[in-house]
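K.L.:
Data: coords-v9.txt, compact mmCIF, C-alpha atoms.
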# COMPACT_ATOMS: atom_id res chain seq x y z
CA MET Z 1 -10.81 14.32 -43.98
CA ARG Z 2 -14.27 14.44 -42.37
CA ASP Z 3 -14.50 14.57 -38.58
CA THR Z 4 -16.33 11.22 -38.51
CA THR Z 5 -13.51 9.56 -40.45
CA LEU Z 6 -10.90 11.06 -38.15
CA LEU Z 7 -12.77 9.91 -35.03
CA GLN Z 8 -13.30 6.47 -36.56
CA LEU Z 9 -9.52 6.12 -36.96
CA ALA Z 10 -8.77 7.62 -33.52
CA LEU Z 11 -11.15 5.21 -31.79
CA ALA Z 12 -9.83 2.26 -33.85
CA LEU Z 13 -13.37 1.08 -34.56
CA THR Z 14 -13.84 -1.94 -36.82
CA PRO Z 15 -16.96 -3.05 -38.73
CA PRO Z 16 -19.80 -3.09 -38.13
CA TRP Z 17 -19.16 -0.18 -35.71
CA THR Z 18 -18.88 3.26 -37.32
CA VAL Z 19 -18.87 6.88 -36.14
CA SER Z 20 -22.09 8.38 -37.48
CA ARG Z 21 -21.64 11.96 -36.22
CA SER Z 22 -20.14 14.16 -33.50
CA ASP Z 23 -21.61 17.04 -31.53
CA PHE Z 24 -19.44 19.60 -29.74
CA ASP Z 25 -20.89 21.99 -27.17
CA PRO Z 26 -18.25 24.64 -26.29
CA GLU Z 27 -20.38 26.13 -23.51
CA ALA Z 28 -20.86 22.77 -21.79
CA HIS Z 29 -17.23 21.79 -22.57
CA ARG Z 30 -18.53 18.49 -23.95
CA LEU Z 31 -17.94 16.38 -27.05
CA ASP Z 32 -20.44 13.64 -27.91
CA ILE Z 33 -19.44 10.99 -30.44
CA GLU Z 34 -22.26 8.91 -31.89
CA ILE Z 35 -21.42 5.29 -32.81
CA ASP Z 36 -23.79 3.11 -34.82
CA PHE Z 37 -23.93 0.03 -37.02
CA PRO Z 38 -25.62 -0.55 -40.38
CA SER Z 39 -29.06 -2.10 -40.56
CA GLY Z 40 -28.81 -5.86 -41.03
CA SER Z 41 -25.47 -6.18 -39.22
CA ARG Z 42 -24.78 -9.46 -37.51
CA PHE Z 43 -22.85 -10.11 -34.31
CA THR Z 44 -21.14 -12.86 -32.36
CA CYS Z 45 -23.06 -14.35 -29.43
CA PRO Z 46 -21.31 -13.17 -26.23
CA SER Z 47 -22.06 -16.47 -24.47
CA CYS Z 48 -21.26 -19.29 -26.89
CA GLY Z 49 -19.34 -17.43 -29.60
CA ALA Z 50 -21.74 -18.35 -32.40
CA ALA Z 51 -21.25 -16.03 -35.39
CA GLU Z 52 -23.75 -14.22 -37.57
CA CYS Z 53 -26.42 -13.68 -34.91
CA PRO Z 54 -29.07 -11.12 -35.97
CA ALA Z 55 -29.93 -8.11 -33.81
CA TYR Z 56 -33.11 -8.52 -31.78
CA ASP Z 57 -33.38 -4.99 -30.37
CA THR Z 58 -31.10 -2.21 -29.09
CA GLU Z 59 -30.53 -0.15 -25.95
CA ARG Z 60 -28.91 3.29 -26.04
CA LYS Z 61 -25.89 3.64 -23.73
CA THR Z 62 -23.29 6.30 -22.95
CA TRP Z 63 -19.67 5.97 -21.79
CA ARG Z 64 -17.28 8.62 -20.49
CA HIS Z 65 -14.14 8.68 -22.65
CA LEU Z 66 -10.74 10.41 -22.42
CA ASN Z 67 -10.98 14.18 -22.55
CA PHE Z 68 -10.91 15.96 -25.90
CA PHE Z 69 -8.30 18.57 -24.98
CA GLN Z 70 -9.85 20.13 -21.85
CA HIS Z 71 -13.39 19.02 -22.73
CA GLN Z 72 -15.17 15.92 -21.50
CA ALA Z 73 -15.87 13.38 -24.24
CA TYR Z 74 -18.60 10.75 -24.36
CA LEU Z 75 -19.32 7.83 -26.64
CA ASN Z 76 -22.98 7.10 -27.37
CA ALA Z 77 -24.23 3.98 -29.12
CA ARG Z 78 -27.18 1.68 -29.69
CA VAL Z 79 -26.07 -1.60 -28.12
CA PRO Z 80 -27.83 -4.59 -29.72
CA ARG Z 81 -29.22 -7.68 -28.13
CA VAL Z 82 -28.87 -10.65 -30.46
CA ARG Z 83 -30.96 -13.76 -30.96
CA CYS Z 84 -28.77 -16.88 -30.62
CA ASP Z 85 -30.25 -20.24 -31.58
CA THR Z 86 -28.43 -21.82 -28.63
CA CYS Z 87 -28.41 -19.17 -25.91
CA GLY Z 88 -31.49 -17.09 -26.65
CA ILE Z 89 -31.46 -13.29 -26.35
CA LYS Z 90 -28.08 -11.89 -25.26
CA THR Z 91 -26.58 -8.37 -25.05
CA VAL Z 92 -23.53 -7.85 -27.25
CA GLY Z 93 -20.32 -6.51 -25.73
CA VAL Z 94 -18.81 -3.39 -27.24
CA PRO Z 95 -15.06 -3.28 -28.00
CA TRP Z 96 -14.46 0.07 -26.28
CA ALA Z 97 -15.88 -0.74 -22.80
CA ARG Z 98 -16.40 -3.61 -20.41
CA PRO Z 99 -19.98 -4.77 -19.61
CA ASP Z 100 -21.95 -2.67 -17.12
CA SER Z 101 -19.38 0.13 -17.04
CA GLY Z 102 -20.16 3.76 -17.73
CA PHE Z 103 -16.55 4.38 -18.81
CA THR Z 104 -14.48 3.37 -21.81
CA LEU Z 105 -11.53 1.03 -21.31
CA LEU Z 106 -9.07 3.83 -22.09
CA PHE Z 107 -10.67 6.11 -19.50
CA GLU Z 108 -10.53 3.32 -16.92
CA ALA Z 109 -6.88 2.64 -17.74
CA LEU Z 110 -6.05 6.30 -17.14
CA VAL Z 111 -7.96 6.41 -13.85
CA MET Z 112 -6.47 3.15 -12.54
CA THR Z 113 -2.97 4.43 -13.33
CA MET Z 114 -3.66 7.61 -11.38
CA ILE Z 115 -5.27 5.76 -8.47
CA SER Z 116 -2.15 3.64 -8.02
CA ALA Z 117 -0.32 6.83 -7.00
CA MET Z 118 -2.91 9.04 -5.28
CA PRO Z 119 -6.18 8.86 -3.31
CA VAL Z 120 -9.37 8.02 -5.18
CA LYS Z 121 -11.04 11.23 -4.04
CA ALA Z 122 -8.19 13.29 -5.49
CA VAL Z 123 -8.47 11.47 -8.84
CA ALA Z 124 -12.24 12.03 -8.81
CA ARG Z 125 -11.69 15.78 -8.47
CA ILE Z 126 -9.18 15.81 -11.32
CA VAL Z 127 -11.33 13.87 -13.80
CA GLY Z 128 -14.64 15.41 -12.68
CA GLU Z 129 -16.37 12.24 -11.53
CA HIS Z 130 -17.94 11.18 -8.23
CA ASP Z 131 -15.54 9.04 -6.21
CA THR Z 132 -18.26 6.41 -5.65
CA ARG Z 133 -18.22 5.62 -9.38
CA LEU Z 134 -14.44 5.33 -9.36
CA TRP Z 135 -14.51 3.04 -6.30
CA ARG Z 136 -16.80 0.66 -8.22
CA MET Z 137 -14.18 0.61 -10.97
CA VAL Z 138 -11.39 -0.05 -8.47
CA HIS Z 139 -13.29 -2.93 -6.87
CA HIS Z 140 -13.88 -4.52 -10.27
CA TYR Z 141 -10.22 -4.54 -11.28
CA VAL Z 142 -8.86 -5.37 -7.84
CA ASP Z 143 -11.28 -8.28 -7.45
CA ALA Z 144 -10.34 -9.55 -10.91
CA ALA Z 145 -6.62 -9.27 -10.13
CA ARG Z 146 -7.08 -10.96 -6.75
CA ALA Z 147 -8.88 -13.86 -8.42
CA ARG Z 148 -5.85 -14.39 -10.68
CA ALA Z 149 -3.28 -14.01 -7.88
CA ASP Z 150 -0.88 -16.93 -7.41
CA ALA Z 151 0.82 -17.15 -4.01
CA SER Z 152 2.29 -20.61 -4.53
CA GLY Z 153 5.92 -19.40 -4.42
CA VAL Z 154 5.73 -17.26 -1.30
CA ILE Z 155 8.24 -18.25 1.38
CA ARG Z 156 9.27 -14.95 3.05
CA LEU Z 157 6.73 -12.59 4.51
CA ALA Z 158 6.64 -9.12 6.08
CA ILE Z 159 3.70 -8.22 8.32
CA ASP Z 160 2.99 -4.71 9.55
CA GLU Z 161 0.08 -2.59 10.71
CA THR Z 162 -0.83 0.92 9.65
CA ALA Z 163 -3.42 3.35 10.98
CA ALA Z 164 -6.41 3.55 8.65
CA ARG Z 165 -7.47 6.80 10.30
CA ARG Z 166 -6.97 8.62 13.57
CA GLY Z 167 -7.66 6.52 16.65
CA GLN Z 168 -7.34 2.82 17.23
CA ASP Z 169 -8.37 1.82 13.72
CA TYR Z 170 -5.76 -0.36 12.01
CA ILE Z 171 -5.14 -2.25 8.80
CA THR Z 172 -2.62 -5.09 8.68
CA LEU Z 173 -0.61 -5.67 5.49
CA PHE Z 174 1.02 -8.93 4.43
CA VAL Z 175 3.79 -8.46 1.87
CA ASP Z 176 5.78 -10.96 -0.16
CA ILE Z 177 9.35 -9.82 0.56
CA ASP Z 178 10.91 -11.41 -2.52
CA GLN Z 179 8.39 -9.98 -4.97
CA ALA Z 180 7.71 -6.73 -3.03
CA ARG Z 181 3.98 -7.19 -3.53
CA VAL Z 182 1.01 -6.93 -1.21
CA LEU Z 183 -0.54 -10.36 -0.77
CA PHE Z 184 -3.32 -9.51 1.64
CA ALA Z 185 -4.71 -6.63 3.68
CA THR Z 186 -7.35 -6.75 6.36
CA GLU Z 187 -8.80 -4.61 9.11
CA GLY Z 188 -7.44 -5.06 12.62
CA ASN Z 189 -4.06 -5.89 14.12
CA ASP Z 190 -4.72 -8.96 16.24
CA ALA Z 191 -3.83 -12.65 15.89
CA GLU Z 192 -6.95 -13.24 13.81
CA THR Z 193 -5.50 -11.14 11.00
CA VAL Z 194 -2.76 -13.76 10.57
CA ALA Z 195 -5.38 -16.52 10.56
CA ALA Z 196 -7.30 -14.65 7.86
CA PHE Z 197 -4.12 -14.31 5.83
CA ALA Z 198 -3.39 -18.04 6.11
CA ASP Z 199 -6.87 -18.82 4.77
CA ASP Z 200 -6.44 -16.35 1.92
CA LEU Z 201 -2.99 -17.75 1.12
CA THR Z 202 -4.47 -21.23 0.79
CA ALA Z 203 -7.26 -19.88 -1.43
CA HIS Z 204 -4.63 -18.45 -3.79
CA ARG Z 205 -2.59 -21.63 -4.23
CA GLY Z 206 -0.19 -20.88 -1.38
CA ASP Z 207 0.62 -23.05 1.62
CA PRO Z 208 1.05 -21.63 5.17
CA GLU Z 209 3.54 -24.39 5.91
CA THR Z 210 5.91 -23.23 3.17
CA ILE Z 211 6.39 -19.82 4.83
CA SER Z 212 9.90 -20.12 6.28
CA GLU Z 213 10.66 -16.51 7.32
CA VAL Z 214 8.42 -13.81 8.78
CA CYS Z 215 9.38 -10.28 9.76
CA ILE Z 216 7.11 -8.60 12.34
CA ASP Z 217 7.25 -6.04 15.12
CA MET Z 218 7.15 -7.24 18.72
CA SER Z 219 3.36 -7.29 18.93
CA PRO Z 220 2.24 -10.24 21.11
CA ALA Z 221 -0.78 -10.63 18.82
CA PHE Z 222 1.41 -11.05 15.72
CA ILE Z 223 3.74 -13.44 17.55
CA LYS Z 224 0.75 -15.54 18.61
CA GLY Z 225 -0.84 -15.39 15.15
CA VAL Z 226 2.36 -16.49 13.39
CA GLY Z 227 2.91 -19.34 15.85
CA GLU Z 228 -0.61 -20.67 15.39
CA ASN Z 229 -1.02 -20.20 11.64
CA LEU Z 230 2.46 -20.23 10.05
CA PRO Z 231 3.97 -23.12 12.01
CA LYS Z 232 7.29 -23.42 10.17
CA ALA Z 233 8.11 -19.71 9.99
CA ALA Z 234 11.14 -18.38 11.83
CA ILE Z 235 10.44 -14.93 13.28
CA THR Z 236 12.72 -11.96 12.70
CA PHE Z 237 11.81 -8.88 14.70
CA ASP Z 238 11.97 -5.82 12.49
CA LYS Z 239 15.21 -3.99 13.23
CA PHE Z 240 13.65 -0.56 12.68
CA HIS Z 241 11.02 -1.37 15.29
CA ALA Z 242 13.69 -2.63 17.70
CA VAL Z 243 15.71 0.56 17.25
CA LYS Z 244 12.56 2.64 17.76
CA ILE Z 245 12.00 1.03 21.18
CA ILE Z 246 15.44 2.24 22.31
CA ASN Z 247 14.88 5.65 20.70
CA ASP Z 248 11.60 6.04 22.58
CA ALA Z 249 13.30 5.11 25.84
CA ALA Z 250 15.97 7.78 25.31
CA GLU Z 251 13.27 10.34 24.53
CA LYS Z 252 11.47 9.48 27.79
CA VAL Z 253 14.71 10.13 29.68
CA ARG Z 254 15.07 13.54 27.98
CA ARG Z 255 11.47 14.56 28.70
CA ALA Z 256 11.84 13.68 32.37
CA GLU Z 257 15.22 15.38 32.74
CA GLN Z 258 14.27 18.63 31.03
CA LYS Z 259 11.92 19.37 33.93
CA SER Z 260 15.01 20.05 36.04
CA GLN Z 261 17.42 20.91 33.21
CA SER Z 262 15.96 23.79 31.22
CA LEU Z 263 18.91 23.72 28.83
CA LEU Z 264 17.43 20.53 27.29
CA ARG Z 265 14.34 22.35 26.04
CA GLY Z 266 14.23 22.54 22.28
CA THR Z 267 16.85 19.81 21.86
CA ARG Z 268 14.53 16.87 21.16
CA TYR Z 269 15.54 16.31 17.54
CA ILE Z 270 19.24 16.50 18.36
CA TRP Z 271 18.95 13.36 20.50
CA LEU Z 272 16.74 11.57 17.95
CA ARG Z 273 19.26 11.99 15.12
CA ASN Z 274 22.56 10.23 14.59
CA PRO Z 275 25.66 12.48 14.82
CA ALA Z 276 26.29 12.29 11.06
CA ASN Z 277 22.80 13.66 10.37
CA LEU Z 278 23.00 16.70 12.64
CA SER Z 279 23.03 20.14 11.08
CA ALA Z 280 25.93 22.47 11.88
CA ARG Z 281 23.70 24.39 14.29
CA GLN Z 282 22.52 21.23 16.04
CA ARG Z 283 26.09 19.95 16.32
CA ALA Z 284 27.15 23.23 17.90
CA THR Z 285 24.27 23.04 20.36
CA LEU Z 286 25.18 19.47 21.32
CA GLU Z 287 28.83 20.37 21.81
CA GLY Z 288 27.80 23.23 24.08
CA LEU Z 289 25.82 21.01 26.45
CA PRO Z 290 27.38 19.54 29.63
CA THR Z 291 26.86 16.03 28.28
CA ARG Z 292 29.09 14.37 30.88
CA HIS Z 293 26.55 15.16 33.58
CA LEU Z 294 23.30 14.61 31.65
CA LYS Z 295 21.21 11.44 31.93
CA THR Z 296 19.96 12.22 28.44
CA ALA Z 297 23.51 12.03 27.09
CA ARG Z 298 23.97 8.58 28.66
CA ALA Z 299 20.69 7.38 27.15
CA TYR Z 300 21.80 8.83 23.81
CA GLN Z 301 25.06 6.85 23.84
CA ILE Z 302 23.18 3.65 24.72
CA ARG Z 303 20.78 4.36 21.84
CA LEU Z 304 23.60 4.86 19.36
CA ALA Z 305 25.38 1.73 20.56
CA PHE Z 306 22.30 -0.43 20.00
CA GLN Z 307 22.29 0.55 16.32
CA ASP Z 308 25.83 -0.84 16.03
CA LEU Z 309 24.39 -4.31 16.69
CA TYR Z 310 23.38 -4.55 13.04
CA ASP Z 311 26.92 -3.81 11.87
CA GLN Z 312 28.34 -6.94 13.51
CA PRO Z 313 29.80 -9.46 11.02
CA SER Z 314 28.05 -12.61 12.29
CA VAL Z 315 25.33 -13.87 14.59
CA GLN Z 316 27.97 -14.96 17.08
CA ASP Z 317 29.48 -11.48 17.13
CA GLY Z 318 26.00 -10.01 17.33
CA ALA Z 319 25.11 -12.16 20.33
CA GLY Z 320 28.30 -11.18 22.14
CA PHE Z 321 27.74 -7.50 21.35
CA LEU Z 322 24.12 -7.65 22.53
CA LYS Z 323 25.11 -9.24 25.86
CA LYS Z 324 27.54 -6.39 26.58
CA TRP Z 325 24.98 -3.81 25.49
CA TYR Z 326 22.30 -5.41 27.67
CA PHE Z 327 24.57 -5.31 30.73
CA TRP Z 328 25.33 -1.63 30.10
CA ALA Z 329 21.67 -0.71 29.54
CA THR Z 330 20.35 -2.57 32.59
CA HIS Z 331 23.01 -0.97 34.83
CA SER Z 332 22.40 2.54 33.49
CA LYS Z 333 20.07 3.55 36.35
CA LEU Z 334 17.75 4.96 33.68
CA ASP Z 335 14.35 3.32 34.13
CA PRO Z 336 13.04 3.80 30.56
CA VAL Z 337 16.30 2.40 29.15
CA ILE Z 338 16.19 -0.56 31.56
CA ASP Z 339 12.59 -1.32 30.52
CA ALA Z 340 13.58 -1.17 26.85
CA ALA Z 341 16.55 -3.49 27.46
CA ARG Z 342 14.26 -6.02 29.14
CA THR Z 343 11.97 -5.86 26.11
CA VAL Z 344 15.01 -6.67 23.97
CA LYS Z 345 15.82 -9.60 26.28
CA ARG Z 346 12.30 -11.05 25.90
CA HIS Z 347 12.70 -10.94 22.11
CA TRP Z 348 16.38 -11.91 22.01
CA ASN Z 349 16.23 -14.76 19.48
CA GLY Z 350 14.02 -12.88 17.03
CA ILE Z 351 16.33 -9.86 17.11
CA LEU Z 352 19.40 -12.01 16.45
CA ARG Z 353 17.52 -13.90 13.72
CA TRP Z 354 18.19 -10.88 11.50
CA PHE Z 355 21.78 -12.07 11.04
CA ASP Z 356 20.45 -15.18 9.25
CA SER Z 357 17.37 -13.80 7.48
CA LYS Z 358 18.53 -10.20 6.72
CA ILE Z 359 14.86 -9.19 6.35
CA ALA Z 360 13.10 -6.06 7.59
CA ASN Z 361 9.80 -4.26 7.12
CA GLY Z 362 11.30 -1.19 5.46
CA LEU Z 363 9.64 -1.90 2.11
CA ILE Z 364 6.18 -1.68 3.72
CA GLY Z 365 6.75 1.97 4.65
CA GLY Z 366 5.93 3.26 1.19
CA ILE Z 367 2.94 0.94 0.90
CA ASN Z 368 1.64 2.15 4.26
CA SER Z 369 1.70 5.77 3.06
CA LEU Z 370 -0.49 4.85 0.08
CA VAL Z 371 -2.94 3.02 2.35
CA GLN Z 372 -3.13 6.00 4.69
CA ALA Z 373 -3.67 8.37 1.78
CA ALA Z 374 -6.47 6.19 0.41
Please re-express this file's structure in structure tokens.
P.N.:
Amino acid sequence: MRDTTLLQLALALTPPWTVSRSDFDPEAHRLDIEIDFPSGSRFTCPSCGAAECPAYDTERKTWRHLNFFQHQAYLNARVPRVRCDTCGIKTVGVPWARPDSGFTLLFEALVMTMISAMPVKAVARIVGEHDTRLWRMVHHYVDAARARADASGVIRLAIDETAARRGQDYITLFVDIDQARVLFATEGNDAETVAAFADDLTAHRGDPETISEVCIDMSPAFIKGVGENLPKAAITFDKFHAVKIINDAAEKVRRAEQKSQSLLRGTRYIWLRNPANLSARQRATLEGLPTRHLKTARAYQIRLAFQDLYDQPSVQDGAGFLKKWYFWATHSKLDPVIDAARTVKRHWNGILRWFDSKIANGLIGGINSLVQAA
């Protein structure tokens, strides 16, 4: 079998397209495949679909294709412009690439699969292309997918921010909880991001008034944005964020106390973990501390108790549990813990809403890591 015949079959070319020759340069690690069509071939008009349009002239183009083993491969072809009686002179589309792309469809499919799991710059290094070219590809497919997006069935929403880079530079993500899909992402983390989402939702056949449940952190900006733009949404405050507020308070107690209690130095991660997650060494260290006399130990017990809120069987039990916990925390004589308890009090209804909605922002964590990597 000749190499041209083999390449013709491998590329799945159909008439009038044929492989005319191939050139392999082992020193440049490059394979060039020449594609042509017979003189007198006729084509379909790309605008109106009229058949049997004659070629008017041609333009030579090149597309990067999937590697041939470890060597870069390129397709080269004369692309005809046809004369259509209805539309005039039009450039024909080729079956192996989309218009105005310097890559074949198979190469783009490979790159887009890789980009879904790693940063664009990393993919660019692997495939040997400039990341600017790959970003143009990404924008094309993302814009096309966004144009087709249908948000008409969205009723439960998770909203969370992630740092785009170091400093106060944030991106806010809006995720459909039921479909685990990103609906919208925008720069910033203020109330206007929710307004922008509501506009985008409407543009994609959704309705802000059909959103019945929203899970957010305790950001005043998000609370304001949801109230103004998603008027029928009940707010659930993310339980992981609520727990983090108590964790941070306990850590503040430890940092302050270790200034006078040197035995607390190096114990930070013991107090941040639950007892079941401690290593044998950490457990031994904890058991060796005079916990009865440590403020940190009291803060630790209050932290652990707050987590038990989410194990209560009903909202009524949860409310009763939270009242007892709040009394304990506010009478602890630990200022960071008291401040955290008052934060819980200000967001009481949204915290207890979890017992009805059972929603949280945990699914956004993995998405956030991809955004940060990108």
K.L.:
Show me, as a PyMOL selection string, the residues that have an atom within 9 Å of Trp63 (chain Z) when counting all atoms listed in the file, minus same-chain residues fewer than 5 positions from it.
P.N.:
chain Z and resi 73-77+97+101-104
K.L.:
To one decimal place in Å, what is the distance between CA of Arg64 (chain Z) and CA of Ser39 (chain Z)?
P.N.:
25.6 Å
K.L.:
At a cut-off of 8 Å, using all atoms listed in the file, what residues contact Arg342 (chain Z)? Leave out same-chain residues fewer than 4 positions from it and give the result as a ChimeraX atom specification.
P.N.:
/Z:330,338,346
K.L.:
Given the choices Z:Ile177, Z:Val127, Z:Ile33, Z:Ala149, which gets closest to Ser212 (chain Z) if the distance is worked out from all atoms listed in the file?
P.N.:
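Smallest separation from Ser212 (chain Z) among the options: Z:Ile177.
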K.L.:
Could you pull out every residue with an atom within 10 Å of (-18.2, 0.6, -39.7), file coordinates, counting all atoms listed in the file, and send them as a PyMOL selection string?
P.N.:
chain Z and resi 8+13-20+35-38+41
K.L.:
Counting only C-alpha atoms, figure out which residue out of Z:Leu7, Z:Val371, Z:Ala249, Z:Ile351 gets nearest to Thr172 (chain Z).
P.N.:
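The answer is Z:Val371, which sits nearest to Thr172 (chain Z).
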K.L.:
Can you list, as an NGL selection string, every protein, DNA or RNA residue that comes within 7 Å of region 151-155 of chain Z when you count all atoms listed in the file, leaving out same-chain residues fewer than 3 positions away?
P.N.:
:Z and (176 or 201 or 204-207 or 210-213)
K.L.:
In Å, how far is it from CA of Gln179 (chain Z) to CA of Val138 (chain Z)?
P.N.:
22.4 Å
K.L.:
Any idea what the distance is between CA of Gln307 (chain Z) and CA of Asn189 (chain Z)?
P.N.:
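Separating CA of Gln307 (chain Z) from CA of Asn189 (chain Z) is a distance of 27.2 Å.
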K.L.:
Excluding Arg353 (chain Z) and its own-chain neighbours fewer than 2 positions away, which residues fall within 12 Å of it when counting all atoms listed in the file? Please give them as a list in words.
P.N.:
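Neighbouring residues, sequence-local ones excluded: Glu213, Val214, Cys215, Ile216, Ala233, Ala234, Ile235, Thr236, Phe237, Asp238, Lys239, Tyr310, Ser314, Val315, Gln316, Gly318, Ala319, His347, Trp348, Asn349, Gly350, Ile351, Phe355, Asp356, Ser357, Lys358, Ile359 and Ala360 of chain Z.
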K.L.:
Tell me, as a list in words, which residues lie within 12 Å of Arg181 (chain Z), counting all atoms listed in the file; anything in the same chain fewer than 6 positions away does not count.
P.N.:
Ala149, Asp150, Ala151, Val154, Arg156, Leu157, Ala158, Ile159, Leu173, Phe174, Val175, Leu363, Ile364, Gly366 and Ile367 of chain Z
K.L.:
With region 250-253 of chain Z as the partner and 12 Å as the cut-off, tabulate the residues of region 212-246 of chain Z that qualify, each row holding the nearest pair of atoms and their distance in Å to one decimal, using all atoms listed in the file, sorted by chain and rising number, as a Markdown table.
P.N.:
| residue | atom | partner | partner_atom | distance |
| --- | --- | --- | --- | --- |
| Z:Val243 | CA | Z:Ala250 | CA | 10.8 |
| Z:Lys244 | CA | Z:Ala250 | CA | 9.7 |
| Z:Ile245 | CA | Z:Ala250 | CA | 8.9 |
| Z:Ile246 | CA | Z:Ala250 | CA | 6.3 |
